[in-house]
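Enquirer: For reference, this is query_26.cif, and it has mmCIF, C-alpha atoms and all ligand atoms.
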data_target
loop_
_atom_site.label_atom_id
_atom_site.label_comp_id
_atom_site.auth_asym_id
_atom_site.auth_seq_id
_atom_site.Cartn_x
_atom_site.Cartn_y
_atom_site.Cartn_z
CA MET Y 1 -8.03 -13.36 -41.24
CA ALA Y 2 -5.88 -12.19 -38.29
CA ASP Y 3 -5.94 -14.14 -35.04
CA GLN Y 4 -8.75 -12.66 -32.93
CA LYS Y 5 -8.19 -14.94 -29.97
CA VAL Y 6 -8.64 -13.35 -26.53
CA TYR Y 7 -5.73 -14.05 -24.17
CA GLN Y 8 -6.37 -13.40 -20.48
CA ALA Y 9 -5.09 -13.88 -16.93
CA SER Y 10 -6.37 -12.90 -13.48
CA THR Y 11 -4.80 -12.23 -10.11
CA THR Y 12 -5.41 -10.52 -6.77
CA ALA Y 13 -3.20 -8.18 -4.76
CA PRO Y 14 -3.57 -7.22 -1.11
CA VAL Y 15 -3.78 -3.83 0.57
CA ASN Y 16 -0.67 -2.98 2.58
CA ILE Y 17 -0.49 -0.63 5.55
CA ALA Y 18 2.87 1.01 6.23
CA VAL Y 19 4.32 0.78 9.72
CA VAL Y 20 7.34 2.79 8.58
CA LYS Y 21 5.87 5.40 6.23
CA TYR Y 22 6.76 6.47 2.69
CA TRP Y 23 6.34 10.23 2.45
CA GLY Y 24 8.48 12.24 0.04
CA LYS Y 25 9.93 11.65 -3.43
CA ARG Y 26 13.41 12.37 -4.66
CA ASP Y 27 12.17 11.70 -8.21
CA PRO Y 28 8.43 12.31 -8.78
CA LYS Y 29 8.47 10.81 -12.28
CA LEU Y 30 9.86 7.43 -11.24
CA ASN Y 31 8.29 7.54 -7.73
CA LEU Y 32 11.70 7.22 -6.08
CA PRO Y 33 11.29 7.87 -2.35
CA THR Y 34 13.33 9.96 0.07
CA ASN Y 35 13.29 7.11 2.61
CA SER Y 36 12.76 3.37 2.86
CA SER Y 37 9.51 1.98 4.34
CA VAL Y 38 8.00 -1.20 5.79
CA SER Y 39 4.44 -2.48 5.53
CA VAL Y 40 2.19 -5.19 6.84
CA THR Y 41 -0.05 -6.79 4.22
CA LEU Y 42 -3.69 -7.17 5.17
CA SER Y 43 -5.70 -10.32 4.59
CA GLN Y 44 -7.07 -10.67 1.08
CA ALA Y 45 -10.30 -11.97 2.53
CA ASP Y 46 -11.11 -8.41 3.63
CA LEU Y 47 -9.12 -6.00 1.49
CA ARG Y 48 -7.86 -6.75 -1.98
CA THR Y 49 -8.05 -5.85 -5.66
CA HIS Y 50 -8.99 -8.55 -8.16
CA THR Y 51 -7.78 -7.84 -11.70
CA THR Y 52 -8.17 -9.55 -15.06
CA ALA Y 53 -5.89 -8.51 -17.92
CA ALA Y 54 -6.80 -9.48 -21.46
CA CYS Y 55 -5.46 -8.68 -24.91
CA SER Y 56 -6.77 -9.36 -28.39
CA SER Y 57 -6.64 -7.86 -31.86
CA SER Y 58 -10.45 -7.76 -31.62
CA PHE Y 59 -10.28 -5.05 -28.90
CA GLY Y 60 -9.91 -2.13 -31.33
CA SER Y 61 -6.83 0.03 -31.00
CA GLU Y 62 -6.98 1.48 -27.48
CA ASP Y 63 -5.94 0.11 -24.09
CA SER Y 64 -8.75 0.32 -21.51
CA LEU Y 65 -9.24 -0.05 -17.75
CA LEU Y 66 -12.49 -0.55 -15.80
CA LEU Y 67 -12.31 -0.06 -12.02
CA ASN Y 68 -15.42 -1.16 -10.13
CA SER Y 69 -17.28 -0.95 -13.47
CA SER Y 70 -16.21 2.67 -14.18
CA PRO Y 71 -13.94 3.46 -17.14
CA GLN Y 72 -10.59 4.96 -16.03
CA ASP Y 73 -8.12 7.15 -17.90
CA VAL Y 74 -5.15 5.03 -18.95
CA THR Y 75 -3.28 7.82 -20.73
CA GLY Y 76 -1.61 9.09 -17.53
CA ALA Y 77 2.17 8.74 -17.25
CA ARG Y 78 1.96 6.24 -14.38
CA THR Y 79 -0.28 3.68 -16.08
CA GLN Y 80 1.58 4.19 -19.35
CA ALA Y 81 4.92 3.51 -17.62
CA CYS Y 82 3.60 0.17 -16.30
CA PHE Y 83 2.18 -0.83 -19.70
CA ARG Y 84 5.40 0.19 -21.48
CA GLU Y 85 7.71 -1.74 -19.13
CA LEU Y 86 5.59 -4.91 -19.25
CA ARG Y 87 5.21 -4.77 -23.04
CA SER Y 88 8.94 -4.35 -23.41
CA LEU Y 89 9.60 -7.49 -21.29
CA ARG Y 90 7.05 -9.43 -23.39
CA ALA Y 91 8.63 -8.14 -26.62
CA GLN Y 92 12.02 -9.47 -25.43
CA LEU Y 93 10.46 -12.90 -24.88
CA GLU Y 94 8.80 -12.81 -28.31
CA ALA Y 95 12.10 -11.82 -29.93
CA SER Y 96 13.85 -14.81 -28.34
CA ASP Y 97 11.16 -17.38 -29.20
CA ALA Y 98 9.40 -17.05 -32.56
CA SER Y 99 6.77 -19.65 -31.58
CA LEU Y 100 5.23 -17.33 -28.98
CA PRO Y 101 2.10 -15.38 -29.96
CA LYS Y 102 2.81 -11.68 -30.53
CA LEU Y 103 0.88 -10.23 -27.59
CA SER Y 104 2.99 -7.13 -26.92
CA PRO Y 105 1.46 -4.96 -29.70
CA LEU Y 106 -2.15 -5.92 -28.90
CA PRO Y 107 -4.47 -3.56 -27.01
CA LEU Y 108 -4.94 -4.39 -23.34
CA ARG Y 109 -8.30 -4.58 -21.59
CA ILE Y 110 -8.01 -4.47 -17.78
CA VAL Y 111 -10.93 -5.08 -15.40
CA SER Y 112 -10.39 -4.45 -11.66
CA GLU Y 113 -12.64 -4.76 -8.62
CA ASN Y 114 -11.87 -3.58 -5.08
CA ASN Y 115 -13.73 -5.11 -2.15
CA PHE Y 116 -13.26 -1.90 -0.10
CA PRO Y 117 -13.93 1.86 -0.63
CA THR Y 118 -11.58 3.48 -3.16
CA ALA Y 119 -9.46 6.44 -2.01
CA ALA Y 120 -10.60 6.18 1.61
CA GLY Y 121 -7.08 6.24 2.99
CA LEU Y 122 -7.00 2.46 2.67
CA ALA Y 123 -4.19 2.40 0.10
CA SER Y 124 -6.40 1.45 -2.83
CA SER Y 125 -3.81 2.58 -5.37
CA ALA Y 126 -1.29 0.19 -3.83
CA ALA Y 127 -3.38 -2.94 -4.34
CA GLY Y 128 -4.66 -1.57 -7.67
CA PHE Y 129 -1.30 -1.08 -9.37
CA ALA Y 130 0.16 -4.25 -7.85
CA ALA Y 131 -2.74 -6.31 -9.23
CA LEU Y 132 -2.56 -4.55 -12.61
CA VAL Y 133 1.16 -5.26 -12.98
CA ARG Y 134 0.91 -8.89 -11.87
CA ALA Y 135 -2.17 -9.60 -14.03
CA ILE Y 136 -0.35 -8.32 -17.15
CA ALA Y 137 2.83 -10.17 -16.16
CA ASN Y 138 0.76 -13.37 -15.90
CA LEU Y 139 -0.95 -12.65 -19.22
CA TYR Y 140 2.48 -12.19 -20.85
CA GLU Y 141 3.87 -15.28 -19.04
CA LEU Y 142 6.84 -13.30 -17.73
CA SER Y 143 9.13 -15.13 -15.34
CA SER Y 144 9.88 -11.94 -13.34
CA SER Y 145 10.14 -12.27 -9.55
CA PRO Y 146 7.90 -10.22 -7.23
CA THR Y 147 10.87 -7.91 -6.55
CA GLU Y 148 11.35 -7.33 -10.29
CA LEU Y 149 7.64 -6.62 -10.72
CA SER Y 150 7.77 -4.27 -7.72
CA ARG Y 151 10.14 -2.01 -9.70
CA ILE Y 152 7.39 -1.63 -12.31
CA ALA Y 153 4.46 -1.32 -9.87
CA ARG Y 154 6.37 1.45 -8.04
CA GLN Y 155 6.07 3.60 -11.15
CA GLY Y 156 2.29 3.25 -10.97
CA SER Y 157 2.12 4.23 -7.29
CA GLY Y 158 5.01 4.17 -4.85
CA SER Y 159 3.30 2.11 -2.17
CA ALA Y 160 2.13 -0.43 -4.79
CA CYS Y 161 5.59 -1.99 -4.89
CA ARG Y 162 4.97 -3.37 -1.38
CA SER Y 163 1.73 -5.13 -2.41
CA LEU Y 164 3.57 -7.64 -4.64
CA PHE Y 165 4.31 -9.63 -1.49
CA GLY Y 166 2.20 -10.89 1.41
CA GLY Y 167 3.31 -10.59 5.03
CA TYR Y 168 5.98 -8.07 6.11
CA VAL Y 169 7.60 -6.12 3.30
CA ALA Y 170 10.37 -3.52 3.03
CA TRP Y 171 10.64 -1.04 0.18
CA GLN Y 172 14.34 -0.25 -0.10
CA MET Y 173 14.69 3.34 -1.26
CA GLY Y 174 17.74 2.54 -3.39
CA GLU Y 175 20.41 4.96 -4.58
CA LYS Y 176 20.47 4.76 -8.35
CA ALA Y 177 19.00 7.53 -10.50
CA ASP Y 178 17.23 5.03 -12.79
CA GLY Y 179 15.37 3.45 -9.83
CA SER Y 180 16.58 -0.08 -10.63
CA ASP Y 181 17.43 -0.67 -6.93
CA SER Y 182 14.26 0.97 -5.51
CA VAL Y 183 12.33 -2.26 -5.01
CA ALA Y 184 10.35 -4.27 -2.45
CA VAL Y 185 11.73 -7.28 -0.60
CA GLU Y 186 10.14 -9.68 1.87
CA VAL Y 187 11.08 -9.15 5.53
CA ALA Y 188 9.03 -12.17 6.70
CA PRO Y 189 6.05 -14.10 5.34
CA ALA Y 190 2.64 -13.75 7.04
CA SER Y 191 3.06 -17.25 8.48
CA HIS Y 192 6.08 -16.03 10.48
CA TRP Y 193 3.82 -14.19 12.96
CA PRO Y 194 0.48 -16.03 12.88
CA THR Y 195 -0.89 -14.35 16.02
CA MET Y 196 -0.76 -10.83 14.52
CA ARG Y 197 -4.17 -9.20 14.06
CA ALA Y 198 -5.38 -5.87 12.65
CA LEU Y 199 -8.55 -3.94 13.30
CA ILE Y 200 -9.52 -1.30 10.78
CA LEU Y 201 -11.52 1.59 12.16
CA VAL Y 202 -13.22 3.22 9.20
CA VAL Y 203 -13.81 6.77 10.44
CA SER Y 204 -14.70 8.05 6.99
CA ALA Y 205 -15.00 6.34 3.62
CA GLU Y 206 -14.96 9.70 1.82
CA LYS Y 207 -12.25 10.59 -0.66
CA LYS Y 208 -9.34 12.31 1.06
CA GLY Y 209 -8.87 16.10 0.86
CA VAL Y 210 -5.18 16.30 -0.05
CA SER Y 211 -3.84 13.52 -2.28
CA SER Y 212 -0.68 11.77 -1.12
CA THR Y 213 1.11 12.65 -4.34
CA SER Y 214 0.64 16.42 -3.99
CA GLY Y 215 0.78 16.39 -0.17
CA MET Y 216 4.21 14.82 -0.04
CA GLN Y 217 5.58 17.22 -2.66
CA ILE Y 218 4.50 20.21 -0.56
CA THR Y 219 6.04 18.57 2.53
CA VAL Y 220 9.39 18.06 0.76
CA ALA Y 221 9.33 21.68 -0.40
CA THR Y 222 8.37 23.33 2.91
CA SER Y 223 8.96 21.21 6.03
CA GLU Y 224 12.23 21.36 7.96
CA LEU Y 225 11.06 18.54 10.20
CA PHE Y 226 10.90 16.41 7.08
CA GLN Y 227 14.69 16.66 6.59
CA ARG Y 228 15.36 15.19 10.01
CA ARG Y 229 12.68 12.53 9.55
CA ALA Y 230 14.15 11.30 6.26
CA GLU Y 231 17.80 11.45 7.34
CA VAL Y 232 17.70 10.39 11.01
CA VAL Y 233 14.30 9.19 12.26
CA VAL Y 234 13.31 6.76 9.49
CA PRO Y 235 16.69 4.99 9.14
CA ARG Y 236 16.56 4.33 12.90
CA HIS Y 237 12.94 3.13 12.71
CA MET Y 238 13.75 0.84 9.76
CA LEU Y 239 16.40 -1.01 11.78
CA LYS Y 240 14.19 -1.30 14.86
CA MET Y 241 11.14 -2.40 12.86
CA GLU Y 242 12.90 -5.13 10.89
CA LYS Y 243 14.42 -6.46 14.14
CA ALA Y 244 11.04 -6.38 15.94
CA ILE Y 245 9.36 -8.30 13.11
CA LYS Y 246 12.13 -10.90 12.90
CA GLU Y 247 11.99 -11.42 16.69
CA LYS Y 248 8.16 -11.19 16.85
CA ASP Y 249 8.63 -8.59 19.58
CA PHE Y 250 5.18 -6.92 19.73
CA GLU Y 251 6.19 -4.23 22.23
CA ALA Y 252 9.00 -3.02 19.97
CA PHE Y 253 6.83 -3.40 16.84
CA GLY Y 254 3.99 -1.44 18.45
CA LYS Y 255 6.16 1.34 19.81
CA VAL Y 256 7.88 1.99 16.48
CA THR Y 257 4.55 1.74 14.62
CA MET Y 258 2.96 4.44 16.81
CA MET Y 259 6.04 6.70 16.83
CA GLU Y 260 6.28 6.42 13.04
CA SER Y 261 2.64 7.37 12.58
CA ASN Y 262 3.14 10.32 14.95
CA SER Y 263 6.32 11.41 13.15
CA PHE Y 264 4.62 11.27 9.74
CA HIS Y 265 1.59 13.28 10.90
CA ALA Y 266 3.86 15.79 12.70
CA THR Y 267 5.62 16.30 9.37
CA CYS Y 268 2.26 16.86 7.70
CA LEU Y 269 1.46 19.51 10.33
CA ASP Y 270 4.88 21.09 9.71
CA THR Y 271 4.07 21.38 6.01
CA PHE Y 272 3.10 24.88 4.88
CA PRO Y 273 0.17 25.24 4.50
CA PRO Y 274 -0.38 22.41 7.02
CA ILE Y 275 -1.97 19.10 6.04
CA PHE Y 276 -4.50 17.62 8.48
CA TYR Y 277 -5.31 13.97 7.98
CA LEU Y 278 -6.35 13.08 11.55
CA ASN Y 279 -9.70 14.24 12.94
CA ASP Y 280 -11.31 14.19 16.40
CA VAL Y 281 -12.36 10.56 16.04
CA SER Y 282 -8.80 9.60 15.02
CA ARG Y 283 -7.46 11.33 18.11
CA ALA Y 284 -10.06 9.57 20.29
CA ALA Y 285 -8.77 6.26 18.87
CA ILE Y 286 -5.19 7.23 19.80
CA ARG Y 287 -6.29 8.02 23.36
CA ALA Y 288 -8.24 4.75 23.60
CA VAL Y 289 -5.15 2.78 22.53
CA GLU Y 290 -3.04 4.70 25.07
CA ASP Y 291 -5.56 3.78 27.80
CA ILE Y 292 -5.49 0.10 26.80
CA ASN Y 293 -1.68 0.03 26.93
CA THR Y 294 -1.55 1.90 30.25
CA LYS Y 295 -4.01 -0.55 31.78
CA ALA Y 296 -2.04 -3.53 30.45
CA GLY Y 297 1.25 -2.06 31.72
CA LYS Y 298 2.83 -2.69 28.32
CA VAL Y 299 2.22 -2.11 24.62
CA ILE Y 300 -0.42 -4.61 23.51
CA ALA Y 301 -2.08 -2.37 20.88
CA ALA Y 302 -0.57 -0.08 18.23
CA TYR Y 303 -2.30 2.50 16.04
CA THR Y 304 -1.23 3.81 12.68
CA PHE Y 305 -2.84 6.33 10.30
CA ASP Y 306 -2.08 6.97 6.64
CA ALA Y 307 -3.17 9.93 4.52
CA GLY Y 308 -6.66 9.96 6.03
CA PRO Y 309 -8.51 9.68 9.37
CA ASN Y 310 -9.01 5.88 9.41
CA ALA Y 311 -7.07 3.93 12.03
CA VAL Y 312 -5.44 0.54 11.73
CA ILE Y 313 -4.86 -1.04 15.14
CA TYR Y 314 -2.44 -3.96 15.45
CA TYR Y 315 -2.57 -6.45 18.33
CA GLU Y 316 -1.90 -10.11 19.04
CA GLU Y 317 -4.64 -12.71 19.06
CA GLU Y 318 -4.39 -13.35 22.82
CA ASN Y 319 -5.31 -9.70 23.42
CA THR Y 320 -8.37 -9.63 21.17
CA GLU Y 321 -10.82 -8.86 23.97
CA ALA Y 322 -8.54 -6.34 25.72
CA VAL Y 323 -7.95 -4.45 22.46
CA ALA Y 324 -10.69 -5.01 19.88
CA GLY Y 325 -13.46 -5.54 22.46
CA VAL Y 326 -12.50 -2.44 24.48
CA LEU Y 327 -12.07 -0.23 21.38
CA LYS Y 328 -15.46 -1.17 20.01
CA SER Y 329 -17.25 -0.31 23.22
CA ALA Y 330 -15.12 2.82 23.90
CA LEU Y 331 -15.51 4.28 20.43
CA GLY Y 332 -18.92 2.96 19.54
CA ASN Y 333 -20.54 5.73 21.59
CA LEU Y 334 -18.69 8.68 20.09
CA ASP Y 335 -20.41 11.21 17.88
CA GLY Y 336 -19.12 10.73 14.37
CA TRP Y 337 -18.44 7.11 15.07
CA GLN Y 338 -21.89 5.62 15.29
CA GLY Y 339 -22.93 3.73 12.22
CA ARG Y 340 -19.37 3.56 10.97
CA ASP Y 341 -18.06 0.29 9.81
CA ILE Y 342 -15.68 -1.34 12.26
CA LYS Y 343 -14.07 -4.09 10.32
CA GLU Y 344 -12.24 -6.78 12.16
CA GLN Y 345 -9.56 -8.81 10.55
CA ALA Y 346 -10.77 -12.32 11.12
CA SER Y 347 -8.35 -14.03 8.81
CA ASP Y 348 -5.27 -15.92 9.89
CA ASN Y 349 -3.09 -14.78 7.02
CA LEU Y 350 -2.51 -11.14 7.83
C1 LIG Y 401 2.73 4.66 2.91
N1 LIG Y 401 1.40 6.58 2.10
O1 LIG Y 401 3.90 4.34 3.14
C2 LIG Y 401 2.40 6.13 3.00
C3 LIG Y 401 1.92 6.52 4.36
C4 LIG Y 401 0.45 7.45 2.72
C5 LIG Y 401 0.92 7.61 4.10
O2 LIG Y 401 2.30 5.54 0.36
O3 LIG Y 401 2.35 9.36 -5.33
O4 LIG Y 401 -0.34 6.65 -2.97
O5 LIG Y 401 1.27 7.15 -5.81
O6 LIG Y 401 3.64 7.25 -5.03
O7 LIG Y 401 1.89 5.46 -2.86
C6 LIG Y 401 0.60 7.00 -0.17
O8 LIG Y 401 1.36 7.33 -1.28
O9 LIG Y 401 1.77 7.88 -3.50
C7 LIG Y 401 1.49 6.33 0.78
P1 LIG Y 401 2.28 7.90 -4.99
P2 LIG Y 401 1.11 6.71 -2.70
O10 LIG Y 401 1.84 3.80 2.66
#
As a first step, turn the structure in this file into structure tokens.
Ligand code: 2P0
Expert:
Amino acid sequence: MADQKVYQASTTAPVNIAVVKYWGKRDPKLNLPTNSSVSVTLSQADLRTHTTAACSSSFGSEDSLLLNSSPQDVTGARTQACFRELRSLRAQLEASDASLPKLSPLPLRIVSENNFPTAAGLASSAAGFAALVRAIANLYELSSSPTELSRIARQGSGSACRSLFGGYVAWQMGEKADGSDSVAVEVAPASHWPTMRALILVVSAEKKGVSSTSGMQITVATSELFQRRAEVVVPRHMLKMEKAIKEKDFEAFGKVTMMESNSFHATCLDTFPPIFYLNDVSRAAIRAVEDINTKAGKVIAAYTFDAGPNAVIYYEEENTEAVAGVLKSALGNLDGWQGRDIKEQASDNL
């Protein structure tokens, strides 16, 4: 009788929030971006995907994926690309060592759990594909580095490549047509800047109106502002952001973070038809951060928004009361805000 043993491995991957934004693809099939980006990884205590990958000849003939207990379609090109690449690396190992069990042909069973709302503008696909790729890599006992795995996770979802690392991460856009140099690298580990904090203002946990994938394609096709952003604005912001992180210069970090968010959302507005991700509560959060910084006489708080209305506010620990305390009381009274979850990053490993 054939070996019916179940092989399995588990892992977690964190959510990352871009401070220099990915928006635009030069190759939609391989998720090759039109510009580089930088992210800050959030604490796994609050926001992460936990994934178990298993394989066995007893699993029938089909691969399967459960996300938060719901069956997901695994036949899409993105998931298939990740499975194919990982199986091919395992097959190479098996070809070089005949004593290894033949796992590459076996059906995969993947089980994932998020501890945050899916598709709420909190980059769930990033943590999801990063955890999926690393769980299968662990199952297959691949010796690939996080950067090598990031090349595979990118094909699942662009921003996922940045969730293979903790701390501060750059996704280098690369130049090659095959995407082999479009990978994530560490800028600094989380421990480099232990006083950094993030506050997540969940304005809405509903699924977003325009998906990132289709939104960015319409932007590339219609926005003239986008050209300048990709060619001039982002390259400048990349240099400034990496320098600010290395020097732990919060004022520089905060200024670039806010200008990046503004530039990205201006590009969305310049898309035809326009894409609106921010709402009145988002704009109230921007004004509240501006007030805090004006009162402090310097940048002590920085907002950023992705493809949705939720805000992430960065600040340093010493300014917790001046930023998080003030925001909670300023925004707690707004219509549309009451009853919303205001989630504070308590962990020390942002
Ligand atoms: C980012 N976003 O850098 C930017 C900022 C949204 C706004 O990456 O099509 O879900 O799967 O490659 O990665 C969202 O895009 O898009 C995103 P796909 P993805 O975090």
Enquirer: From the set Y:Gly60, Y:Pro14, Y:Pro309, Y:Gly325, which residue has the shortest atom-to-atom contact distance to Ala160 (chain Y), counting all atoms listed in the file?
Expert: Y:Pro14
Enquirer: Please extract the residues at most 9 Å from ligand LIG 401 (chain Y), counting all atoms listed in the file, and provide them as a ChimeraX atom specification, using the chain letters and residue numbers of this document.
Expert: /Y:16-25,28,30-33,36-39,78,121-126,154-162,211-217,261,264-265,305-308
Enquirer: What's the separation between CA of Ala130 (chain Y) and CA of Ser150 (chain Y), in Å to one decimal place?
Expert: 7.6 Å
Enquirer: Restricting the calculation to all atoms listed in the file: of Y:Ala177, Y:Leu239, Y:Ala45, Y:Ala266, which residue gets closest to Glu224 (chain Y)?
Expert: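 Using all atoms listed in the file, the shortest distance to Glu224 (chain Y) belongs to Y:Ala266.
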Enquirer: Tell me which of Y:Thr11, Y:Asn35, Y:Thr41, Y:Ser112 sits closest to Ser64 (chain Y), counting all atoms listed in the file.
Expert: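 The shortest atom-to-atom distance to Ser64 (chain Y) comes from Y:Ser112.
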Enquirer: Which residue gives the smallest distance to Ser282 (chain Y) among Y:Ile218, Y:Ile200, Y:Ala95, Y:Val256, with all atoms listed in the file counted?
Expert: Y:Ile200
Enquirer: If I put a ball of radius 10 Å at (10.9, -7.4, -2.6) in the file's coordinates, which residues poke into it when counting all atoms listed in the file, written as a compact mmCIF listing (two decimals) with C-alpha atoms, keeping the file's coordinate frame?
Expert:
# COMPACT_ATOMS: atom_id res chain seq x y z
CA SER Y 145 10.14 -12.27 -9.55
CA PRO Y 146 7.90 -10.22 -7.23
CA THR Y 147 10.87 -7.91 -6.55
CA GLU Y 148 11.35 -7.33 -10.29
CA LEU Y 149 7.64 -6.62 -10.72
CA SER Y 150 7.77 -4.27 -7.72
CA ARG Y 151 10.14 -2.01 -9.70
CA CYS Y 161 5.59 -1.99 -4.89
CA ARG Y 162 4.97 -3.37 -1.38
CA SER Y 163 1.73 -5.13 -2.41
CA LEU Y 164 3.57 -7.64 -4.64
CA PHE Y 165 4.31 -9.63 -1.49
CA VAL Y 169 7.60 -6.12 3.30
CA ALA Y 170 10.37 -3.52 3.03
CA TRP Y 171 10.64 -1.04 0.18
CA GLN Y 172 14.34 -0.25 -0.10
CA SER Y 182 14.26 0.97 -5.51
CA VAL Y 183 12.33 -2.26 -5.01
CA ALA Y 184 10.35 -4.27 -2.45
CA VAL Y 185 11.73 -7.28 -0.60
CA GLU Y 186 10.14 -9.68 1.87
CA VAL Y 187 11.08 -9.15 5.53
Enquirer: For each of Y:Ile275, Y:Leu47, Y:Leu106, Y:Val289, take the minimum atom-to-atom distance to Tyr7 (chain Y), counting all atoms listed in the file, then give the residue where this is smallest.
Expert: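 The shortest atom-to-atom distance to Tyr7 (chain Y) comes from Y:Leu106.
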Enquirer: Give me, as a list in words, all polymer residues having an atom no more than 6 Å from Val312 (chain Y), counting all atoms listed in the file and skipping those fewer than 5 positions away in the same chain.
Expert: Leu199, Ile200, Tyr303 and Thr304 of chain Y
